[in-house]
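For reference, the structure discussed in these notes is given below.
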Amino acid sequence: MSDTTTTWVPMAGRGDWTLDGADLASGGDLETAVLISLFTDREANLDDAIPDGTGDPRGWIGDADQLYKIGSRLWLLERAKQTTETLTKAKGYITEALQWLIDDGVVAKFDIYVEWTKASQLGARVVAYQKNGTTLAMNYSWVWKGIN
């Protein structure tokens, strides 16, 4: 059985379930897994600087004592400068967030590209290489706005 299809709604800055008439659509499981992995806040590591200064590490209580953590630490870049170092961190956070899909055998590997798409806007291209030889490219050029 397929998962409920989740799509990104750029104007709202969030994911939402897709309808098929009056029912929830299903399918697109890999895209849904990637969206949840990238845009759900993973708990900060103990040595991470919290950008808003509150010390709140975010995350999800359901991750406690779990082998795989849900989400990414991309939220830590909210107040980051538009630098090469920020791009490197973003790529690392994306890689970390998607690793479970490789570990679970869902995909063979990912190619991850990050770039500044315009002033204060970080974009990413994630290419998933599935074990059956097919690829799926996903572009996120509108997600991380407001980076300094």
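Ordered as shown in the structure tokens, chains take letters A, B, and onward, while each chain numbers its residues from 1 and ligands are numbered from 1 in the order shown.
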
Open item on the list: Using DSSP secondary structure from the backbone, list all helix (DSSP H, G or I) positions within chain A, as a PyMOL selection string.
Closed with: chain A and resi 29-39+61-63+74-77+84-103

For the selection just defined, write its residues with C-alpha atoms to a file, as a PDB file, in the first residue's frame.
```pdb
ATOM      1  CA  ASP A  29       6.212   7.591  -1.705  1.00  0.00           C
ATOM      2  CA  LEU A  30       9.812   8.577  -2.360  1.00  0.00           C
ATOM      3  CA  GLU A  31       8.961  12.255  -2.897  1.00  0.00           C
ATOM      4  CA  THR A  32       6.909  12.217   0.306  1.00  0.00           C
ATOM      5  CA  ALA A  33       9.746  10.588   2.253  1.00  0.00           C
ATOM      6  CA  VAL A  34      12.213  13.187   0.960  1.00  0.00           C
ATOM      7  CA  LEU A  35       9.884  16.100   1.806  1.00  0.00           C
ATOM      8  CA  ILE A  36       9.360  14.835   5.348  1.00  0.00           C
ATOM      9  CA  SER A  37      13.072  14.138   5.737  1.00  0.00           C
ATOM     10  CA  LEU A  38      14.115  17.612   4.593  1.00  0.00           C
ATOM     11  CA  PHE A  39      11.405  19.833   6.004  1.00  0.00           C
ATOM     12  CA  ILE A  61       9.892  13.548  20.943  1.00  0.00           C
ATOM     13  CA  GLY A  62       9.249  10.390  18.930  1.00  0.00           C
ATOM     14  CA  ASP A  63      12.948  10.383  17.961  1.00  0.00           C
ATOM     15  CA  LEU A  74      18.367  22.824   7.824  1.00  0.00           C
ATOM     16  CA  TRP A  75      16.412  25.007  10.246  1.00  0.00           C
ATOM     17  CA  LEU A  76      19.757  25.888  11.850  1.00  0.00           C
ATOM     18  CA  LEU A  77      20.529  27.976   8.744  1.00  0.00           C
ATOM     19  CA  THR A  84      30.183  28.937   0.742  1.00  0.00           C
ATOM     20  CA  GLU A  85      30.295  27.599   4.316  1.00  0.00           C
ATOM     21  CA  THR A  86      26.487  27.820   4.508  1.00  0.00           C
ATOM     22  CA  LEU A  87      26.187  25.880   1.240  1.00  0.00           C
ATOM     23  CA  THR A  88      28.505  23.215   2.657  1.00  0.00           C
ATOM     24  CA  LYS A  89      26.432  22.967   5.841  1.00  0.00           C
ATOM     25  CA  ALA A  90      23.193  22.765   3.843  1.00  0.00           C
ATOM     26  CA  LYS A  91      24.531  19.914   1.737  1.00  0.00           C
ATOM     27  CA  GLY A  92      25.673  18.110   4.875  1.00  0.00           C
ATOM     28  CA  TYR A  93      22.292  18.547   6.566  1.00  0.00           C
ATOM     29  CA  ILE A  94      20.500  17.255   3.464  1.00  0.00           C
ATOM     30  CA  THR A  95      22.839  14.274   3.220  1.00  0.00           C
ATOM     31  CA  GLU A  96      22.288  13.485   6.900  1.00  0.00           C
ATOM     32  CA  ALA A  97      18.498  13.770   6.572  1.00  0.00           C
ATOM     33  CA  LEU A  98      18.323  11.402   3.584  1.00  0.00           C
ATOM     34  CA  GLN A  99      20.815   8.791   4.789  1.00  0.00           C
ATOM     35  CA  TRP A 100      18.072   6.607   6.276  1.00  0.00           C
ATOM     36  CA  LEU A 101      16.659   6.043   2.773  1.00  0.00           C
ATOM     37  CA  ILE A 102      19.995   4.546   1.724  1.00  0.00           C
ATOM     38  CA  ASP A 103      20.388   2.558   4.962  1.00  0.00           C
TER      39      ASP A 103
END
```

Task: Gly133 of chain A surroundings by only C-alpha atoms, 12 Å radius, close-in-sequence under 2 positions cut, as a PyMOL selection string - done: chain A and resi 107-109+128-131+135-136

Output for the residues just chosen: C-alpha atoms as a compact mmCIF listing (two decimals), in the first residue's frame:
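Everything below was put into result12.txt:
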```
# COMPACT_ATOMS: atom_id res chain seq x y z
CA VAL A 107 17.48 4.11 -2.78
CA ALA A 108 21.00 3.16 -3.83
CA LYS A 109 22.39 6.69 -3.53
CA ALA A 128 17.63 9.73 -6.09
CA TYR A 129 19.05 6.64 -7.76
CA GLN A 130 16.65 3.79 -7.14
CA LYS A 131 17.79 0.18 -7.00
CA THR A 135 16.26 8.13 -11.12
CA LEU A 136 14.06 10.76 -9.59
```

- [ ] Quick one: everything within 10 Å of Gly59 of chain A, counting only C-alpha atoms, minus sequence neighbours fewer than 6 positions away in the same chain. Send it as a ChimeraX atom specification.
- [x] /A:40-44,69-73

Open item on the list: DSSP on the backbone: which residues in chain A end up as strand (DSSP E or B)? Give the answer as a ChimeraX atom specification.
Closed with: /A:4,6-9,14-17,19-20,23-24,26,41,72,109-118,121-129,135-145

- [ ] Tell me, in Å to one decimal, how far atom CA of Gly123 of chain A is from atom CA of Val9 of chain A.
- [x]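 Computing the Euclidean distance for atom CA of Gly123 of chain A and atom CA of Val9 of chain A yields 15.5 Å.
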
Task: Coordinates-based distance that separates atom CA of Gly15 of chain A from atom CA of Gly53 of chain A (Å, one decimal) - done: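 These two atoms are separated by 26.5 Å.
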
Task: Of the listed residues A:Gly105, A:Ser120, A:Asp56, A:Thr7, that which approaches Asn132 of chain A most closely, counting only C-alpha atoms - done: A:Gly105

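Rounded to one decimal, atom CA of Pro57 of chain A and atom CA of Ala80 of chain A lie 16.6 Å from each other.
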
- [ ] Would you list the contacts of Ile112 of chain A as a PyMOL selection string, taking every protein, DNA or RNA residue within 7 Å and counting only C-alpha atoms, but skipping same-chain residues closer than 6 positions in sequence?
- [x] chain A and resi 91+125-127
